[in-house]
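Trainee: One structure is given below, represented as structure tokens, and several questions about it will come after.
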Amino acid sequence: FAIEASSVKKTYRGFFRRSGGQVALAGLDLAIPRGTAFGLIGLNGAGKTTFIKTLLGVVRPTSGSVRVLGGEPEDPRVRARIGYLPERLFLTSSFTPRQFLASVARMKGLALPDGALRDQIDRVGLAAAVDRKIGGFSKGMRQRLGLAAALIGEPDLLVLDEPTDGVDPLGRAEIRKILTQERARGATLFLNSHLL
């Protein structure tokens, strides 16, 4: 399985509280086969983002277990095989798309040639903006660039939180096409979205 969750619970407690607290996950069980596309839907406050954070090893469950790509979410070797697009994407305004993707590649320990970076930028429809500063980008352009960053290194698992938020209808169709290509490549898609 790409993702396995068993009886996952997460309770957030205040600094001085010994009992009670806010329950974010109340016993989640889930198994997602490799190479599939899975959509996580739910009401606001249902715990979707908390679960994503457990998949990425950012949050540890209060109880239960989570396995990602056969390993622990905190394992750097597992993390290197995940591409992630957060719902709230913060980008350095002074960077160009090429500079941003080069920094993502370095963080993943990849030495990608400039041509490979340009190909990713072209793939998400930002060829005309390759040397523009990100600070002048619209929300949709930022989402496209975030997707390009998630795709760096051909990850086995793509965790995408509202991937088409702020993207125009044509851009949404282009993103769906890219995700179809990624699934055909063998990647597992984990989508959190309100757009059915």
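The way I read the labels, and the way they are meant: chains A, B, ... in the order of the structure tokens, residue 1 as the first residue of every chain, and ligand 1 as the first ligand shown, with later ones counted on from there.
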Applying 8 Å and only C-alpha atoms, which residues near A:Thr50 remain after dropping the ones on its own chain fewer than 2 positions away? List them as a list in words.

Mentor: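 The residues that qualify are Ala24, Leu25, Gly47, Lys48, Ile52, Lys53, Thr54 and Val59 of chain A.
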
Trainee: Since we have the selection now, will you write its residues out, keeping C-alpha atoms, as a compact mmCIF listing (two decimals), in the first residue's frame?

Mentor:
```
# COMPACT_ATOMS: atom_id res chain seq x y z
CA ALA A 24 -8.84 16.20 15.28
CA LEU A 25 -8.88 12.52 14.29
CA GLY A 47 -9.27 16.58 10.36
CA LYS A 48 -8.19 16.37 6.70
CA ILE A 52 -2.04 15.08 5.76
CA LYS A 53 0.40 16.33 8.38
CA THR A 54 0.64 12.80 9.82
CA VAL A 59 2.39 15.64 13.29
```

Trainee: Got a sec: who's within 10 Å of A:Glu87, counting only C-alpha atoms, leaving out chain neighbours fewer than 4 positions off, as a count of residues only?

Mentor: 11

Trainee: Mind checking which residues fall within 9 Å of stretch 109-116 of chain A, counting only C-alpha atoms, ignoring those fewer than 6 positions away in the same chain, and posting them as JSON, numbers by chain?

Mentor: {"A": [80, 98, 102, 152, 153]}

Trainee: Could you save those same residues with all heavy atoms as a PDB file, in the first residue's frame?

Mentor:
```pdb
ATOM      1  N   ALA A  80      11.654  11.624   0.861  1.00  0.00           N
ATOM      2  CA  ALA A  80      12.255  11.954  -0.439  1.00  0.00           C
ATOM      3  C   ALA A  80      11.420  11.426  -1.602  1.00  0.00           C
ATOM      4  O   ALA A  80      11.568  11.890  -2.728  1.00  0.00           O
ATOM      5  CB  ALA A  80      13.675  11.384  -0.511  1.00  0.00           C
ATOM      6  N   ARG A  98      12.494  29.363 -12.000  1.00  0.00           N
ATOM      7  CA  ARG A  98      13.687  28.518 -12.154  1.00  0.00           C
ATOM      8  C   ARG A  98      14.487  28.459 -10.850  1.00  0.00           C
ATOM      9  O   ARG A  98      14.927  27.401 -10.420  1.00  0.00           O
ATOM     10  CB  ARG A  98      14.541  29.058 -13.299  1.00  0.00           C
ATOM     11  CG  ARG A  98      15.711  28.173 -13.626  1.00  0.00           C
ATOM     12  CD  ARG A  98      16.624  28.717 -14.686  1.00  0.00           C
ATOM     13  NE  ARG A  98      16.193  29.951 -15.303  1.00  0.00           N
ATOM     14  CZ  ARG A  98      16.192  30.166 -16.609  1.00  0.00           C
ATOM     15  NH1 ARG A  98      16.572  29.218 -17.426  1.00  0.00           N
ATOM     16  NH2 ARG A  98      15.843  31.326 -17.107  1.00  0.00           N
ATOM     17  N   ALA A 102      15.003  25.117  -8.535  1.00  0.00           N
ATOM     18  CA  ALA A 102      16.382  24.704  -8.257  1.00  0.00           C
ATOM     19  C   ALA A 102      16.588  24.531  -6.752  1.00  0.00           C
ATOM     20  O   ALA A 102      17.252  23.584  -6.313  1.00  0.00           O
ATOM     21  CB  ALA A 102      17.366  25.723  -8.826  1.00  0.00           C
ATOM     22  N   ILE A 152       8.951  17.516  -8.773  1.00  0.00           N
ATOM     23  CA  ILE A 152      10.410  17.373  -8.875  1.00  0.00           C
ATOM     24  C   ILE A 152      10.834  15.994  -8.374  1.00  0.00           C
ATOM     25  O   ILE A 152      10.451  15.566  -7.289  1.00  0.00           O
ATOM     26  CB  ILE A 152      11.139  18.471  -8.051  1.00  0.00           C
ATOM     27  CG1 ILE A 152      10.907  19.856  -8.648  1.00  0.00           C
ATOM     28  CG2 ILE A 152      12.628  18.175  -7.907  1.00  0.00           C
ATOM     29  CD1 ILE A 152      11.710  20.152  -9.889  1.00  0.00           C
ATOM     30  N   GLY A 153      11.618  15.305  -9.162  1.00  0.00           N
ATOM     31  CA  GLY A 153      12.169  14.006  -8.773  1.00  0.00           C
ATOM     32  C   GLY A 153      11.251  12.825  -9.009  1.00  0.00           C
ATOM     33  O   GLY A 153      11.526  11.725  -8.544  1.00  0.00           O
TER      34      GLY A 153
END
```

Trainee: I need the residues in chain A that are strand (DSSP E or B) according to DSSP; give them as a PyMOL selection string.

Mentor: chain A and resi 3-12+22-32+37-40+63-68+71+82-85+157-161+188-192

Trainee: Just checking: using only C-alpha atoms, which residue out of A:Asp168, A:Asp156, A:Glu74, A:Asp29 ends up closest to A:Glu182?

Mentor: A:Asp156
